[in-house]
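Enquirer: Dropping the structure in here first, questions after.
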Amino acid sequence: MKIIDVKDYQEMSKKAAEYIIEKVRHSKNLNLGLATGGTPVGTYTNLIEDHKQNHTSYQGVKTFNLDEYVGLSGDNHNSYRFYMNDQLFNHIDIEKSNTHIPRGDAKDMQKECEDYENLLAEHGGIDLQILGIGSNGHIGFNEPGTSFDSNTHIVDLAPSTREANARYFDSLEEVPTRAVTMGIATIMKSKEILLLISGENKKEALSNLLHGEVDERFPASVLRNHPCVTIIADEAAIADEKVRS
Ligand code: F6R
């Protein structure tokens with residue numbers, strides 16, 4: 001794993017955007033895996049700025065998001081479809097039909113999982129997957145204990161994840177209890193992974209990732225087995241690592 005350490009959230013967002021822009025410009029048909037949450041917001045803002053100023057085009061890009069809440073339709077402002085449209089897709093020249101997010105309101109959620117997995121395979125898989133990390137080590141919504149062999153599936157969200165995400169809802173009760181997520185095996189099929197880590201509350205997760213065992217109890221640890229992972233982490237998240245070295 002390659003680690004790029006940066007000063008703060010702003011610098012992480014700028015570096016991550018530069019990394020993505022480089023790929024978008026140099027590959028004709030890029031399959032880009034995207035994440036939601038607080039971490040990539042600044043990255044998306046930088047992509048939009050660049051699109052406006054330098055006209056980087058996303059017409060050849062297809063996107064595949066990691067996850068979605070079960071029970072929320074795309075027009076619900078807490079859904080990840082709404083988030084992606086609002087934070088990125090509405091502001092760049094990507095075809096909406098080329099943006100893919102599992103549906104949280106599908107009638108048959110089991111079939112939705114299988115369809116999403118097939119969709120990824122039909123498109124030849126993800127070239128570059130952007131990831132955030134939960135403080136409990138989750139990637140996508142793969143909570144501790146998820147099998148490293150898992151494909152796209154439905155999960156019960158950990159109480160800590162619901163609490164962390166309650167900031168976007170009016171109350172904790174409104175946070176869905178289930179989500180659909182790419183599995184660990186799905187994520188590991190990506191040719192390349194860019195993991196973004198910012199803030200003191202992610203310090204322990206970064207430390208576990210770098211020094212802990214590769215173990216299903218800490219889902220992100222699987223990334224140590226991936227041949228091409230780059231981590232961009234800011235000083236607040238990486239502080240303990242500096243003390244160590
Ligand atoms: C989001 C996702 C999650 C987040 C993680 C960190 O699509 O898959 O794994 O990356 O929960 O969230 P933030 O960035 O809000 O700290």
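Letters for chains follow the order of the structure tokens (A, B, ...), residue numbers begin at 1 for each chain, and ligand numbers begin at 1 in the order shown.
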Taking only C-alpha atoms and all ligand atoms into account, which residues are within 6 Å of ligand 1, as a count of residues only?

Expert: 15

Enquirer: Among segment 39-210 of chain A, which residues does DSSP mark as alpha helix (DSSP H) when it is run on the backbone? Keep the chain and numbering as in the structure and answer as an NGL selection string.

Expert: :A and (41-54 or 80-87 or 109-122 or 159-165 or 184-188 or 203-210)

Enquirer: Just want the 10 Å neighbourhood of Met84 of chain A, counted on only C-alpha atoms, with same-chain residues fewer than 6 positions away dropped. Output as number ranges by chain.

Expert: A: 34-36, 41, 44, 65, 74, 90, 99, 101

Enquirer: I'd like to know which of A:Asp50, A:Asp149, A:Asp105, A:Asp86 is closest to Ser73 of chain A, using only C-alpha atoms.

Expert: A:Asp105

Enquirer: As a list of chain:residue names, please: all residues of segment 11-163 of chain A that backbone DSSP puts in strand (DSSP E or B).

Expert: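 Strand (DSSP E or B) members of segment 11-163 of chain A, listed: A:Asn31, A:Leu32, A:Gly33, A:Leu34, A:Lys62, A:Thr63, A:Phe64, A:Asn65, A:Asp67, A:Glu68, A:Tyr69, A:Thr99, A:His100, A:Leu128, A:Gln129, A:Ile130, A:Leu131, A:Ile139, A:Asn142, A:His153, A:Ile154, A:Val155, A:Asp156.
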
Enquirer: Write the residues of the preceding selection, restricted to N, CA, C and O atoms, as a compact mmCIF listing (two decimals), in the first residue's frame.

Expert:
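Wrote again-v4.txt, looks like this:
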```txt
# COMPACT_ATOMS: atom_id res chain seq x y z
N ASN A 31 -14.10 3.05 -15.74
CA ASN A 31 -15.13 2.62 -14.79
C ASN A 31 -14.68 3.05 -13.41
O ASN A 31 -13.72 2.52 -12.86
N LEU A 32 -15.39 4.04 -12.88
CA LEU A 32 -14.98 4.67 -11.64
C LEU A 32 -15.93 4.26 -10.51
O LEU A 32 -17.14 4.45 -10.61
N GLY A 33 -15.37 3.69 -9.45
CA GLY A 33 -16.17 3.31 -8.29
C GLY A 33 -16.21 4.47 -7.31
O GLY A 33 -15.17 5.05 -7.00
N LEU A 34 -17.39 4.82 -6.83
CA LEU A 34 -17.51 6.01 -5.99
C LEU A 34 -18.09 5.69 -4.62
O LEU A 34 -18.82 4.71 -4.44
N LYS A 62 -17.99 5.76 -16.71
CA LYS A 62 -19.15 5.10 -16.09
C LYS A 62 -18.85 5.01 -14.60
O LYS A 62 -17.72 4.70 -14.21
N THR A 63 -19.84 5.30 -13.78
CA THR A 63 -19.61 5.23 -12.34
C THR A 63 -20.46 4.15 -11.68
O THR A 63 -21.56 3.84 -12.16
N PHE A 64 -19.93 3.61 -10.61
CA PHE A 64 -20.59 2.53 -9.85
C PHE A 64 -20.41 2.85 -8.38
O PHE A 64 -19.27 2.86 -7.89
N ASN A 65 -21.50 3.16 -7.70
CA ASN A 65 -21.37 3.46 -6.28
C ASN A 65 -21.34 2.21 -5.42
O ASN A 65 -21.85 1.16 -5.80
N ASP A 67 -22.75 1.71 -2.40
CA ASP A 67 -23.85 1.29 -1.52
C ASP A 67 -25.04 2.23 -1.55
O ASP A 67 -24.98 3.33 -2.11
N GLU A 68 -26.11 1.78 -0.95
CA GLU A 68 -27.35 2.57 -0.84
C GLU A 68 -28.15 2.06 0.36
O GLU A 68 -28.05 0.88 0.73
N TYR A 69 -28.90 2.94 0.98
CA TYR A 69 -29.79 2.53 2.08
C TYR A 69 -30.96 1.75 1.54
O TYR A 69 -31.56 2.16 0.52
N THR A 99 -24.37 6.42 -14.74
CA THR A 99 -24.10 6.43 -13.30
C THR A 99 -24.93 5.34 -12.64
O THR A 99 -26.15 5.29 -12.84
N HIS A 100 -24.27 4.47 -11.92
CA HIS A 100 -24.97 3.30 -11.36
C HIS A 100 -24.84 3.28 -9.83
O HIS A 100 -23.74 3.45 -9.30
N LEU A 128 -10.91 2.12 -11.08
CA LEU A 128 -10.44 2.83 -9.88
C LEU A 128 -11.61 2.98 -8.91
O LEU A 128 -12.62 3.59 -9.24
N GLN A 129 -11.44 2.42 -7.72
CA GLN A 129 -12.49 2.51 -6.70
C GLN A 129 -12.06 3.50 -5.62
O GLN A 129 -10.99 3.36 -5.03
N ILE A 130 -12.90 4.49 -5.35
CA ILE A 130 -12.65 5.43 -4.25
C ILE A 130 -13.32 4.86 -2.99
O ILE A 130 -14.48 4.46 -3.04
N LEU A 131 -12.59 4.86 -1.89
CA LEU A 131 -13.15 4.35 -0.64
C LEU A 131 -12.95 5.35 0.49
O LEU A 131 -11.93 6.04 0.55
N ILE A 139 -15.75 -0.91 5.09
CA ILE A 139 -15.57 -0.32 3.75
C ILE A 139 -16.85 -0.65 2.98
O ILE A 139 -17.39 -1.75 3.11
N ASN A 142 -19.75 -2.85 4.53
CA ASN A 142 -19.34 -4.16 5.02
C ASN A 142 -18.84 -4.01 6.45
O ASN A 142 -17.72 -3.54 6.69
N HIS A 153 -24.50 -7.46 -1.40
CA HIS A 153 -25.46 -8.10 -0.48
C HIS A 153 -26.14 -7.06 0.41
O HIS A 153 -25.76 -5.89 0.42
N ILE A 154 -27.14 -7.56 1.14
CA ILE A 154 -27.87 -6.69 2.08
C ILE A 154 -27.24 -6.84 3.46
O ILE A 154 -26.91 -7.95 3.87
N VAL A 155 -27.07 -5.72 4.15
CA VAL A 155 -26.47 -5.78 5.49
C VAL A 155 -27.35 -5.09 6.52
O VAL A 155 -28.10 -4.17 6.20
N ASP A 156 -27.22 -5.55 7.77
CA ASP A 156 -27.77 -4.81 8.90
C ASP A 156 -26.68 -3.84 9.33
O ASP A 156 -25.54 -4.25 9.57
```

Enquirer: Counting only C-alpha atoms, what is within 12 Å of Pro219 of chain A, bar same-chain residues fewer than 5 positions away, as a ChimeraX atom specification?

Expert: /A:133-150,183-185,187-188,205,208-209,212-214,224-225

Enquirer: Using only C-alpha atoms, which residue out of A:Gln110, A:Thr177, A:Asn29, A:Thr43 lies closest to Ile232 of chain A?

Expert: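 So, comparing all the options, the nearest one is A:Thr43.
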
Enquirer: My list of candidates is A:Arg178, A:Lys7, A:His91, A:Arg217. Which is closest to Lys52 of chain A when distances are computed with only C-alpha atoms?

Expert: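 Looking only at the distances to Lys52 of chain A, the closest residue turns out to be A:His91.
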
Enquirer: Here is a test: counting only C-alpha atoms, which residue of A:Lys96, A:Asp5, A:Asp75, A:Tyr19 is nearest to Ala236 of chain A?

Expert: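 The answer is A:Asp5, which sits nearest to Ala236 of chain A.
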
Enquirer: Determine, counting only C-alpha atoms, which protein, DNA and RNA residues have an atom within 10 Å of an atom of segment 11-15 of chain A; residues of the same chain fewer than 2 positions away are not included. Present the result as a list in words.

Expert: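 Once the nearby chain positions are removed, what remains is Ile4, Asp5, Val6, Lys7, Asp8, Tyr9, Ala17, Glu18, Tyr19, Ile20, Ile21, Thr39, Pro40, Val41, Gly42, Thr43, Tyr44, Thr45, Asn46, Leu47, Leu196, Ile197, Ser198, Ile231, Ile232, Ala233, Asp234 and Glu235 of chain A.
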